[in-house]
file data.pdb (PDB, C-alpha atoms and all ligand atoms)
ATOM      1  CA  MET A   9      -9.855  20.387  -2.532  1.00  0.00           C
ATOM      2  CA  ARG A  10      -8.716  23.615  -4.090  1.00  0.00           C
ATOM      3  CA  LYS A  11      -8.462  23.520  -7.795  1.00  0.00           C
ATOM      4  CA  ILE A  12      -6.393  26.196  -9.396  1.00  0.00           C
ATOM      5  CA  HIS A  13      -6.866  25.121 -12.959  1.00  0.00           C
ATOM      6  CA  ASP A  14     -10.307  23.972 -14.009  1.00  0.00           C
ATOM      7  CA  ASP A  15      -9.008  22.216 -17.077  1.00  0.00           C
ATOM      8  CA  LEU A  16      -7.070  19.580 -15.141  1.00  0.00           C
ATOM      9  CA  ALA A  17      -7.876  16.043 -16.128  1.00  0.00           C
ATOM     10  CA  GLU A  18     -10.067  14.377 -13.549  1.00  0.00           C
ATOM     11  CA  ASP A  19      -7.720  11.418 -13.376  1.00  0.00           C
ATOM     12  CA  ALA A  20      -4.656  13.618 -12.817  1.00  0.00           C
ATOM     13  CA  PRO A  21      -2.664  12.299  -9.860  1.00  0.00           C
ATOM     14  CA  ILE A  22      -3.593  13.916  -6.555  1.00  0.00           C
ATOM     15  CA  ILE A  23      -0.705  15.283  -4.517  1.00  0.00           C
ATOM     16  CA  LEU A  24      -1.310  15.981  -0.844  1.00  0.00           C
ATOM     17  CA  ILE A  25       0.975  18.754   0.412  1.00  0.00           C
ATOM     18  CA  VAL A  26       1.500  18.665   4.173  1.00  0.00           C
ATOM     19  CA  GLU A  27       3.295  21.798   5.269  1.00  0.00           C
ATOM     20  CA  ASP A  28       2.483  24.323   7.982  1.00  0.00           C
ATOM     21  CA  GLU A  29       3.957  27.323   6.206  1.00  0.00           C
ATOM     22  CA  LYS A  30       1.186  28.678   4.046  1.00  0.00           C
ATOM     23  CA  ASP A  31       3.567  30.785   1.966  1.00  0.00           C
ATOM     24  CA  VAL A  32       5.418  27.607   0.988  1.00  0.00           C
ATOM     25  CA  VAL A  33       2.242  25.694   0.208  1.00  0.00           C
ATOM     26  CA  THR A  34       0.608  28.174  -2.144  1.00  0.00           C
ATOM     27  CA  PRO A  35       3.404  28.426  -4.732  1.00  0.00           C
ATOM     28  CA  MET A  36       3.780  24.640  -4.637  1.00  0.00           C
ATOM     29  CA  GLU A  37       0.076  24.208  -5.328  1.00  0.00           C
ATOM     30  CA  ILE A  38       0.192  26.617  -8.225  1.00  0.00           C
ATOM     31  CA  LYS A  39       3.267  25.086  -9.797  1.00  0.00           C
ATOM     32  CA  LEU A  40       2.157  21.489  -9.334  1.00  0.00           C
ATOM     33  CA  SER A  41      -1.200  22.213 -10.903  1.00  0.00           C
ATOM     34  CA  MET A  42       0.624  23.814 -13.819  1.00  0.00           C
ATOM     35  CA  GLU A  43       2.459  20.500 -14.161  1.00  0.00           C
ATOM     36  CA  GLY A  44      -0.871  18.727 -14.435  1.00  0.00           C
ATOM     37  CA  TYR A  45      -1.355  17.484 -10.877  1.00  0.00           C
ATOM     38  CA  GLN A  46      -4.352  17.935  -8.644  1.00  0.00           C
ATOM     39  CA  THR A  47      -3.369  19.217  -5.241  1.00  0.00           C
ATOM     40  CA  ARG A  48      -4.742  19.103  -1.755  1.00  0.00           C
ATOM     41  CA  SER A  49      -3.097  20.691   1.248  1.00  0.00           C
ATOM     42  CA  ALA A  50      -2.933  20.267   5.000  1.00  0.00           C
ATOM     43  CA  LEU A  51      -1.345  22.781   7.348  1.00  0.00           C
ATOM     44  CA  SER A  52      -1.039  20.447  10.336  1.00  0.00           C
ATOM     45  CA  GLY A  53      -0.371  16.805  11.085  1.00  0.00           C
ATOM     46  CA  LYS A  54      -3.920  16.337  12.260  1.00  0.00           C
ATOM     47  CA  SER A  55      -5.472  17.681   9.085  1.00  0.00           C
ATOM     48  CA  ALA A  56      -2.929  15.653   7.079  1.00  0.00           C
ATOM     49  CA  LEU A  57      -4.391  12.480   8.579  1.00  0.00           C
ATOM     50  CA  THR A  58      -7.891  13.630   7.663  1.00  0.00           C
ATOM     51  CA  GLU A  59      -6.887  14.531   4.115  1.00  0.00           C
ATOM     52  CA  VAL A  60      -4.900  11.383   3.427  1.00  0.00           C
ATOM     53  CA  PHE A  61      -7.851   9.118   4.249  1.00  0.00           C
ATOM     54  CA  ARG A  62     -10.407  11.206   2.384  1.00  0.00           C
ATOM     55  CA  GLU A  63     -11.614   9.687  -0.893  1.00  0.00           C
ATOM     56  CA  PRO A  64     -10.259   9.821  -3.458  1.00  0.00           C
ATOM     57  CA  ILE A  65      -7.113   8.864  -1.594  1.00  0.00           C
ATOM     58  CA  PRO A  66      -4.142  10.942  -2.782  1.00  0.00           C
ATOM     59  CA  ASP A  67      -1.584   9.352  -5.081  1.00  0.00           C
ATOM     60  CA  LEU A  68       1.391  10.898  -3.351  1.00  0.00           C
ATOM     61  CA  VAL A  69       2.139  12.797  -0.145  1.00  0.00           C
ATOM     62  CA  LEU A  70       4.679  15.575   0.298  1.00  0.00           C
ATOM     63  CA  LEU A  71       5.301  15.597   4.006  1.00  0.00           C
ATOM     64  CA  ASP A  72       7.069  18.257   6.009  1.00  0.00           C
ATOM     65  CA  ILE A  73       8.720  16.813   9.118  1.00  0.00           C
ATOM     66  CA  MET A  74       8.392  19.846  11.370  1.00  0.00           C
ATOM     67  CA  LEU A  75       4.690  20.333  11.944  1.00  0.00           C
ATOM     68  CA  PRO A  76       3.085  22.205  14.847  1.00  0.00           C
ATOM     69  CA  ASP A  77       1.073  19.302  16.264  1.00  0.00           C
ATOM     70  CA  ILE A  78       1.910  15.756  15.163  1.00  0.00           C
ATOM     71  CA  SER A  79       5.426  15.189  13.807  1.00  0.00           C
ATOM     72  CA  GLY A  80       5.728  14.388  10.124  1.00  0.00           C
ATOM     73  CA  LEU A  81       7.448  11.152  11.118  1.00  0.00           C
ATOM     74  CA  ASP A  82       4.381  10.080  13.106  1.00  0.00           C
ATOM     75  CA  VAL A  83       2.120  11.074  10.242  1.00  0.00           C
ATOM     76  CA  CYS A  84       4.277   8.945   7.948  1.00  0.00           C
ATOM     77  CA  MET A  85       3.959   5.928  10.217  1.00  0.00           C
ATOM     78  CA  ARG A  86       0.193   6.315  10.476  1.00  0.00           C
ATOM     79  CA  ILE A  87      -0.093   6.475   6.682  1.00  0.00           C
ATOM     80  CA  ARG A  88       2.021   3.334   6.353  1.00  0.00           C
ATOM     81  CA  GLU A  89       0.013   1.451   8.968  1.00  0.00           C
ATOM     82  CA  ALA A  90      -3.368   1.840   7.313  1.00  0.00           C
ATOM     83  CA  PRO A  91      -3.990  -0.729   4.572  1.00  0.00           C
ATOM     84  CA  GLN A  92      -5.670   1.715   2.210  1.00  0.00           C
ATOM     85  CA  THR A  93      -2.724   4.126   2.301  1.00  0.00           C
ATOM     86  CA  SER A  94       0.230   1.839   2.996  1.00  0.00           C
ATOM     87  CA  GLN A  95       1.475   2.008  -0.597  1.00  0.00           C
ATOM     88  CA  ILE A  96       1.217   5.759  -1.190  1.00  0.00           C
ATOM     89  CA  PRO A  97       4.586   7.254  -2.063  1.00  0.00           C
ATOM     90  CA  ILE A  98       5.709   9.715   0.596  1.00  0.00           C
ATOM     91  CA  ILE A  99       8.360  12.348  -0.050  1.00  0.00           C
ATOM     92  CA  MET A 100       9.629  13.948   3.145  1.00  0.00           C
ATOM     93  CA  LEU A 101      10.484  17.612   3.183  1.00  0.00           C
ATOM     94  CA  THR A 102      13.264  18.400   5.606  1.00  0.00           C
ATOM     95  CA  ALA A 103      15.101  21.546   6.579  1.00  0.00           C
ATOM     96  CA  LYS A 104      18.755  21.822   5.709  1.00  0.00           C
ATOM     97  CA  GLY A 105      21.038  19.900   8.018  1.00  0.00           C
ATOM     98  CA  GLU A 106      18.394  17.644   9.532  1.00  0.00           C
ATOM     99  CA  GLU A 107      20.399  14.569   8.624  1.00  0.00           C
ATOM    100  CA  ILE A 108      18.913  12.487  11.427  1.00  0.00           C
ATOM    101  CA  ASP A 109      15.369  13.347  10.364  1.00  0.00           C
ATOM    102  CA  ARG A 110      16.117  12.169   6.880  1.00  0.00           C
ATOM    103  CA  VAL A 111      17.459   8.826   8.057  1.00  0.00           C
ATOM    104  CA  VAL A 112      14.557   8.322  10.440  1.00  0.00           C
ATOM    105  CA  GLY A 113      12.161   9.421   7.711  1.00  0.00           C
ATOM    106  CA  LEU A 114      13.318   6.628   5.440  1.00  0.00           C
ATOM    107  CA  GLU A 115      13.170   4.193   8.359  1.00  0.00           C
ATOM    108  CA  VAL A 116       9.531   4.995   9.082  1.00  0.00           C
ATOM    109  CA  GLY A 117       8.629   4.348   5.488  1.00  0.00           C
ATOM    110  CA  ALA A 118       9.189   7.514   3.473  1.00  0.00           C
ATOM    111  CA  ASP A 119      10.202   6.791  -0.122  1.00  0.00           C
ATOM    112  CA  ASP A 120      12.331   9.820  -0.677  1.00  0.00           C
ATOM    113  CA  TYR A 121      13.216  13.163   0.847  1.00  0.00           C
ATOM    114  CA  LEU A 122      13.932  16.651  -0.342  1.00  0.00           C
ATOM    115  CA  VAL A 123      16.015  19.180   1.517  1.00  0.00           C
ATOM    116  CA  LYS A 124      14.635  22.706   1.711  1.00  0.00           C
ATOM    117  CA  PRO A 125      14.974  24.922  -0.148  1.00  0.00           C
ATOM    118  CA  PHE A 126      14.394  22.832  -3.262  1.00  0.00           C
ATOM    119  CA  SER A 127      13.491  23.852  -6.759  1.00  0.00           C
ATOM    120  CA  ILE A 128      10.081  23.030  -8.167  1.00  0.00           C
ATOM    121  CA  ARG A 129      11.881  21.363 -11.037  1.00  0.00           C
ATOM    122  CA  GLU A 130      13.553  18.930  -8.675  1.00  0.00           C
ATOM    123  CA  LEU A 131      10.309  18.390  -6.782  1.00  0.00           C
ATOM    124  CA  VAL A 132       8.452  17.523  -9.973  1.00  0.00           C
ATOM    125  CA  LEU A 133      11.214  15.149 -10.988  1.00  0.00           C
ATOM    126  CA  ARG A 134      11.057  13.288  -7.681  1.00  0.00           C
ATOM    127  CA  ILE A 135       7.264  13.152  -7.867  1.00  0.00           C
ATOM    128  CA  GLN A 136       7.461  11.646 -11.338  1.00  0.00           C
ATOM    129  CA  VAL A 137       9.921   8.998 -10.197  1.00  0.00           C
ATOM    130  CA  ALA A 138       7.849   8.083  -7.156  1.00  0.00           C
ATOM    131  CA  LEU A 139       4.603   7.930  -9.113  1.00  0.00           C
ATOM    132  CA  ARG A 140       6.137   5.857 -11.857  1.00  0.00           C
ATOM    133  CA  ARG A 141       7.005   3.280  -9.238  1.00  0.00           C
ATOM    134  CA  THR A 142       3.432   2.903  -8.020  1.00  0.00           C
ATOM    135  CA  MET A 143       1.302   3.830 -11.008  1.00  0.00           C
ATOM    136  CA  GLY A 144       3.648   2.766 -13.785  1.00  0.00           C
ATOM    137  CA  SER A 145       3.223  -0.258 -15.983  1.00  0.00           C
ATOM    138  CA  GLY A 146       6.308  -2.028 -14.671  1.00  0.00           C
ATOM    139  CA  ASP A 147       6.086  -5.804 -14.683  1.00  0.00           C
ATOM    140  CA  LYS A 148       6.747  -6.059 -10.979  1.00  0.00           C
ATOM    141  CA  GLN A 149       4.113  -8.096  -9.208  1.00  0.00           C
ATOM    142  CA  PRO A 150       1.480  -6.023  -7.479  1.00  0.00           C
ATOM    143  CA  LYS A 151       2.242  -5.291  -3.872  1.00  0.00           C
ATOM    144  CA  LYS A 152      -1.326  -5.578  -2.764  1.00  0.00           C
ATOM    145  CA  SER A 153      -4.528  -7.342  -3.713  1.00  0.00           C
ATOM    146  CA  GLN A 154      -8.133  -6.726  -2.875  1.00  0.00           C
ATOM    147  CA  PHE A 155     -10.895  -9.261  -3.418  1.00  0.00           C
ATOM    148  CA  GLY A 156     -14.146  -8.135  -1.848  1.00  0.00           C
ATOM    149  CA  PRO A 157     -13.535  -8.146   1.907  1.00  0.00           C
ATOM    150  CA  LEU A 158     -10.048  -9.634   1.537  1.00  0.00           C
ATOM    151  CA  TYR A 159      -7.073  -7.268   1.384  1.00  0.00           C
ATOM    152  CA  VAL A 160      -3.502  -8.548   1.177  1.00  0.00           C
ATOM    153  CA  ASN A 161      -0.337  -6.469   1.441  1.00  0.00           C
ATOM    154  CA  TYR A 162       2.663  -8.460   0.171  1.00  0.00           C
ATOM    155  CA  ASP A 163       5.230  -5.978   1.467  1.00  0.00           C
ATOM    156  CA  THR A 164       4.135  -6.078   5.066  1.00  0.00           C
ATOM    157  CA  HIS A 165       2.697  -9.620   4.900  1.00  0.00           C
ATOM    158  CA  GLN A 166      -0.526  -8.319   6.349  1.00  0.00           C
ATOM    159  CA  THR A 167      -3.968  -9.642   5.611  1.00  0.00           C
ATOM    160  CA  TYR A 168      -7.203  -7.841   6.376  1.00  0.00           C
ATOM    161  CA  ILE A 169     -10.769  -9.018   6.315  1.00  0.00           C
ATOM    162  CA  ASP A 170     -13.260  -6.157   6.163  1.00  0.00           C
ATOM    163  CA  GLY A 171     -10.507  -3.852   7.449  1.00  0.00           C
ATOM    164  CA  LYS A 172      -9.708  -6.057  10.424  1.00  0.00           C
ATOM    165  CA  GLU A 173      -6.321  -7.743  10.468  1.00  0.00           C
ATOM    166  CA  ALA A 174      -6.200 -11.524  10.240  1.00  0.00           C
ATOM    167  CA  VAL A 175      -2.924 -12.669  11.742  1.00  0.00           C
ATOM    168  CA  LEU A 176      -1.528 -15.431   9.554  1.00  0.00           C
ATOM    169  CA  THR A 177       1.528 -17.571  10.122  1.00  0.00           C
ATOM    170  CA  ALA A 178       4.287 -17.349   7.515  1.00  0.00           C
ATOM    171  CA  THR A 179       3.100 -20.636   5.979  1.00  0.00           C
ATOM    172  CA  GLU A 180      -0.513 -19.538   5.863  1.00  0.00           C
ATOM    173  CA  PHE A 181       0.504 -16.272   4.212  1.00  0.00           C
ATOM    174  CA  LYS A 182       2.529 -18.135   1.634  1.00  0.00           C
ATOM    175  CA  LEU A 183      -0.386 -20.450   0.967  1.00  0.00           C
ATOM    176  CA  LEU A 184      -2.728 -17.512   0.517  1.00  0.00           C
ATOM    177  CA  SER A 185      -0.381 -15.575  -1.770  1.00  0.00           C
ATOM    178  CA  THR A 186       0.213 -18.725  -3.831  1.00  0.00           C
ATOM    179  CA  PHE A 187      -3.539 -19.160  -4.234  1.00  0.00           C
ATOM    180  CA  ILE A 188      -3.986 -15.522  -5.238  1.00  0.00           C
ATOM    181  CA  GLU A 189      -1.136 -15.682  -7.736  1.00  0.00           C
ATOM    182  CA  ARG A 190      -2.770 -18.743  -9.297  1.00  0.00           C
ATOM    183  CA  ALA A 191      -6.364 -17.649  -8.914  1.00  0.00           C
ATOM    184  CA  GLY A 192      -8.860 -19.654 -10.927  1.00  0.00           C
ATOM    185  CA  ARG A 193      -6.480 -22.566 -11.445  1.00  0.00           C
ATOM    186  CA  VAL A 194      -6.741 -25.795  -9.501  1.00  0.00           C
ATOM    187  CA  GLN A 195      -3.802 -26.449  -7.208  1.00  0.00           C
ATOM    188  CA  THR A 196      -3.157 -30.045  -6.280  1.00  0.00           C
ATOM    189  CA  ARG A 197      -1.855 -30.863  -2.807  1.00  0.00           C
ATOM    190  CA  ASP A 198       1.433 -31.893  -4.372  1.00  0.00           C
ATOM    191  CA  ILE A 199       1.833 -28.553  -6.135  1.00  0.00           C
ATOM    192  CA  LEU A 200       1.056 -26.689  -2.930  1.00  0.00           C
ATOM    193  CA  LEU A 201       3.526 -28.823  -0.999  1.00  0.00           C
ATOM    194  CA  ASP A 202       6.160 -28.111  -3.582  1.00  0.00           C
ATOM    195  CA  VAL A 203       5.578 -24.361  -3.774  1.00  0.00           C
ATOM    196  CA  VAL A 204       4.771 -23.565  -0.176  1.00  0.00           C
ATOM    197  CA  TRP A 205       6.845 -26.043   1.779  1.00  0.00           C
ATOM    198  CA  GLY A 206       9.505 -26.886  -0.786  1.00  0.00           C
ATOM    199  CA  VAL A 207      10.306 -30.242  -2.361  1.00  0.00           C
ATOM    200  CA  GLN A 208      12.609 -31.464   0.352  1.00  0.00           C
ATOM    201  CA  SER A 209      10.078 -31.056   3.123  1.00  0.00           C
ATOM    202  CA  TYR A 210       8.823 -33.940   5.246  1.00  0.00           C
ATOM    203  CA  VAL A 211       5.351 -32.501   5.265  1.00  0.00           C
ATOM    204  CA  GLN A 212       2.550 -34.842   4.219  1.00  0.00           C
ATOM    205  CA  THR A 213      -0.322 -33.951   1.981  1.00  0.00           C
ATOM    206  CA  ARG A 214      -2.638 -34.203   5.002  1.00  0.00           C
ATOM    207  CA  THR A 215      -0.772 -31.271   6.492  1.00  0.00           C
ATOM    208  CA  VAL A 216      -1.770 -29.170   3.490  1.00  0.00           C
ATOM    209  CA  ASP A 217      -5.388 -29.864   4.323  1.00  0.00           C
ATOM    210  CA  SER A 218      -5.030 -28.893   7.935  1.00  0.00           C
ATOM    211  CA  HIS A 219      -3.215 -25.649   7.044  1.00  0.00           C
ATOM    212  CA  ILE A 220      -5.912 -24.764   4.555  1.00  0.00           C
ATOM    213  CA  LYS A 221      -8.576 -25.493   7.132  1.00  0.00           C
ATOM    214  CA  GLN A 222      -6.834 -23.134   9.523  1.00  0.00           C
ATOM    215  CA  LEU A 223      -6.326 -20.497   6.826  1.00  0.00           C
ATOM    216  CA  ARG A 224      -9.997 -20.591   5.849  1.00  0.00           C
ATOM    217  CA  LYS A 225     -10.986 -20.150   9.451  1.00  0.00           C
ATOM    218  CA  LYS A 226      -8.760 -17.104   9.828  1.00  0.00           C
ATOM    219  CA  LEU A 227     -10.062 -15.596   6.588  1.00  0.00           C
ATOM    220  CA  GLY A 228     -13.595 -15.643   7.952  1.00  0.00           C
ATOM    221  CA  VAL A 229     -16.062 -14.442   5.309  1.00  0.00           C
ATOM    222  CA  ALA A 230     -13.308 -14.697   2.671  1.00  0.00           C
ATOM    223  CA  GLY A 231     -12.546 -18.297   3.680  1.00  0.00           C
ATOM    224  CA  ASN A 232     -14.892 -19.656   1.042  1.00  0.00           C
ATOM    225  CA  PHE A 233     -12.749 -18.065  -1.684  1.00  0.00           C
ATOM    226  CA  ILE A 234     -10.675 -21.222  -1.276  1.00  0.00           C
ATOM    227  CA  GLU A 235     -12.783 -24.011  -2.694  1.00  0.00           C
ATOM    228  CA  THR A 236     -12.115 -27.709  -2.341  1.00  0.00           C
ATOM    229  CA  ILE A 237     -12.028 -29.669  -5.562  1.00  0.00           C
ATOM    230  CA  ARG A 238     -12.733 -33.177  -4.323  1.00  0.00           C
ATOM    231  CA  GLY A 239     -10.024 -35.675  -5.015  1.00  0.00           C
ATOM    232  CA  VAL A 240      -7.863 -33.077  -6.739  1.00  0.00           C
ATOM    233  CA  GLY A 241      -6.959 -30.125  -4.552  1.00  0.00           C
ATOM    234  CA  TYR A 242      -8.019 -26.545  -4.119  1.00  0.00           C
ATOM    235  CA  ILE A 243      -8.838 -23.474  -6.154  1.00  0.00           C
ATOM    236  CA  PHE A 244      -8.859 -19.811  -5.215  1.00  0.00           C
ATOM    237  CA  ASN A 245     -12.022 -18.350  -6.616  1.00  0.00           C
ATOM    238  CA  PRO A 246     -12.728 -14.832  -5.357  1.00  0.00           C
ATOM    239  CA  GLN A 247     -16.058 -14.829  -7.220  1.00  0.00           C
ATOM    240  CA  THR A 248     -17.343 -17.205  -4.574  1.00  0.00           C
ATOM    241  CA  SER A 249     -18.902 -14.697  -2.292  1.00  0.00           C
ATOM    242  CA  LYS A 250     -21.398 -15.050   0.483  1.00  0.00           C
ATOM    243  CA  GLN A 251     -24.165 -13.372  -1.511  1.00  0.00           C
ATOM    244  CA  SER A 252     -24.011 -15.852  -4.387  1.00  0.00           C
TER     245      SER A 252
HETATM  246 CA    CA B   1       7.347  23.112   8.960  1.00  0.00          CA
END
call {"tool": "encode", "arguments": {"input": "data.pdb", "output": "structure tokens"}}
result
Amino acid sequence: MRKIHDDLAEDAPIILIVEDEKDVVTPMEIKLSMEGYQTRSALSGKSALTEVFREPIPDLVLLDIMLPDISGLDVCMRIREAPQTSQIPIIMLTAKGEEIDRVVGLEVGADDYLVKPFSIRELVLRIQVALRRTMGSGDKQPKKSQFGPLYVNYDTHQTYIDGKEAVLTATEFKLLSTFIERAGRVQTRDILLDVVWGVQSYVQTRTVDSHIKQLRKKLGVAGNFIETIRGVGYIFNPQTSKQS
């Protein structure tokens, strides 16, 4: 990482600039660091994918669409696909008149786009808005959870165990997210039936047990996070790990 100002706070948000024109990158780096951001740059799609997965993972990506090797749209999709980067705000940088690129950019998961040439003032404004959404203190429920080996993305409904995807049914996912939301509190079968299946369902309490059995199996090493409380129900306890 190139640091232009040594006095930047270590916890300043890291912006990854992906742009193949060096003479566009340098002034952006200088101005963003003056605004208090740490910057990192990549001049190709390939190096963008290296930089985005390098720890510490950047807090935001500015992504040019027209890159010499991998298209910015493909880079965007790859960032969205990986669990550790799926939530990073991405602002696409497009040339004037590339209307289609902009639409596709938003479709592949970009959060925003800026049409070149743009002012640094506008860029900073958009960065602030995007960062506020992910880093801000809003009372929106978190979009992802991590408990040891278990990683859950509520936006994409994906669950990973040690980085490997566990494919859950919609019901199993709802069960799991209900448990996580109510971690540490015992959930009776009746409560689970009510919340997961809905009051008017014909499902019997036995069905809850068989779904939980299946869910535990799919969660592998994280399966024991769901403990059985005999005669009462279940509790999600992520402290229950294999080493204890
Ligand atoms: Ca370009």
call {"tool": "closest_atom_pairs", "arguments": {"input": "data.pdb", "of": "chain A", "to": "ligand CA 1 (chain B)", "cutoff": "7 Å", "atoms": "all atoms listed in the file", "output": "tab-separated table"}}
result
residue	atom	partner	partner_atom	distance
A:Glu27	CA	B:CA1	CA	5.6
A:Asp28	CA	B:CA1	CA	5.1
A:Glu29	CA	B:CA1	CA	6.1
A:Asp72	CA	B:CA1	CA	5.7
A:Ile73	CA	B:CA1	CA	6.4
A:Met74	CA	B:CA1	CA	4.2
A:Leu75	CA	B:CA1	CA	4.9
call {"tool": "residues_around", "arguments": {"input": "data.pdb", "residues": "Gln92 (chain A)", "least_positions_apart": "5", "cutoff": "10 Å", "atoms": "only C-alpha atoms", "output": "VMD selection string"}}
result
chain A and resid 60 to 61 65 87 152 159 161 171
call {"tool": "atom_distance", "arguments": {"input": "data.pdb", "atom1": "CA of Glu37 (chain A)", "atom2": "CA of Ile135 (chain A)"}}
result
13.4 Å
call {"tool": "residues_near_point", "arguments": {"input": "data.pdb", "point": "(10.1, 19.2, 0.1)", "cutoff": "7 Å", "atoms": "all atoms listed in the file", "output": "list in words"}}
result
Leu70, Asp72, Met100, Leu101, Thr102, Tyr121, Leu122, Val123, Lys124, Phe126 and Leu131 of chain A
call {"tool": "resolve_selection", "arguments": {"input": "data.pdb", "expression": "the PyMOL selection byres (((chain A and resi 91) around 12) and not hetatm)", "output": "JSON, numbers by chain"}}
result
{"A": [61, 65, 85, 86, 87, 88, 89, 90, 92, 93, 94, 95, 96, 151, 152, 153, 154, 158, 159, 160, 161, 162, 163, 164, 165, 166, 167, 168, 169, 170, 171, 172, 173]}
call {"tool": "atom_distance", "arguments": {"input": "data.pdb", "atom1": "CA of Ala191 (chain A)", "atom2": "CA of Asn245 (chain A)"}}
result
6.1 Å
call {"tool": "closest_residue", "arguments": {"input": "data.pdb", "among": "A:Arg193, A:Thr179, A:Thr186, A:Ile99", "to": "Gln136 (chain A)", "atoms": "all atoms listed in the file"}}
result
A:Ile99
call {"tool": "closest_residue", "arguments": {"input": "data.pdb", "among": "A:Ile25, A:Leu223, A:Leu68, A:Ala103", "to": "Arg140 (chain A)", "atoms": "only C-alpha atoms"}}
result
A:Leu68
call {"tool": "axis_aligned_box", "arguments": {"input": "data.pdb", "around": "region 181-197 of chain A", "padding_each_side": "4 Å", "output": "AutoDock Vina command-line options"}}
result
--center_x -3.2 --center_y -23.2 --center_z -3.6 --size_x 19.4 --size_y 23.3 --size_z 23.7
call {"tool": "atom_distance", "arguments": {"input": "data.pdb", "atom1": "CA of Gly80 (chain A)", "atom2": "CA of Pro97 (chain A)"}}
result
14.2 Å
call {"tool": "resolve_selection", "arguments": {"input": "data.pdb", "expression": "the PyMOL selection byres (((chain A and resi 190) around 12) and not hetatm)", "output": "ChimeraX atom specification"}}
result
/A:183-189,191-196,199-200,203,234,242-246
call {"tool": "resolve_selection", "arguments": {"input": "data.pdb", "expression": "the PyMOL selection byres (((chain A and resi 51) around 7) and not hetatm)", "output": "ChimeraX atom specification"}}
result
/A:26-28,49-50,52,55
call {"tool": "write_last_selection", "arguments": {"input": "data.pdb", "atoms": "C-alpha atoms", "output": "JSON list (two decimals), in the coordinates of the input"}}
result
[["chain", "number", "residue", "atom", "x", "y", "z"],
["A", 26, "VAL", "CA", 1.50, 18.66, 4.17],
["A", 27, "GLU", "CA", 3.30, 21.80, 5.27],
["A", 28, "ASP", "CA", 2.48, 24.32, 7.98],
["A", 49, "SER", "CA", -3.10, 20.69, 1.25],
["A", 50, "ALA", "CA", -2.93, 20.27, 5.00],
["A", 52, "SER", "CA", -1.04, 20.45, 10.34],
["A", 55, "SER", "CA", -5.47, 17.68, 9.09]]
call {"tool": "closest_residue", "arguments": {"input": "data.pdb", "among": "A:Val32, A:Ala174, A:Leu40, A:Leu24", "to": "Val132 (chain A)", "atoms": "only C-alpha atoms"}}
result
A:Leu40
call {"tool": "closest_residue", "arguments": {"input": "data.pdb", "among": "A:Gly206, A:Ile22, A:Gly53, A:Ser79", "to": "Ser41 (chain A)", "atoms": "all atoms listed in the file"}}
result
A:Ile22
call {"tool": "closest_residue", "arguments": {"input": "data.pdb", "among": "A:Ala118, A:Gln247, A:Glu180, A:Val83", "to": "Thr58 (chain A)", "atoms": "all atoms listed in the file"}}
result
A:Val83
call {"tool": "closest_residue", "arguments": {"input": "data.pdb", "among": "A:Cys84, A:Ile128, A:Val116, A:Leu139", "to": "Val33 (chain A)", "atoms": "all atoms listed in the file"}}
result
A:Ile128
call {"tool": "residues_around", "arguments": {"input": "data.pdb", "residues": "Gln46 (chain A)", "least_positions_apart": "2", "cutoff": "8 Å", "atoms": "only C-alpha atoms", "output": "ChimeraX atom specification"}}
result
/A:11,16,20-23,40-41,44,48
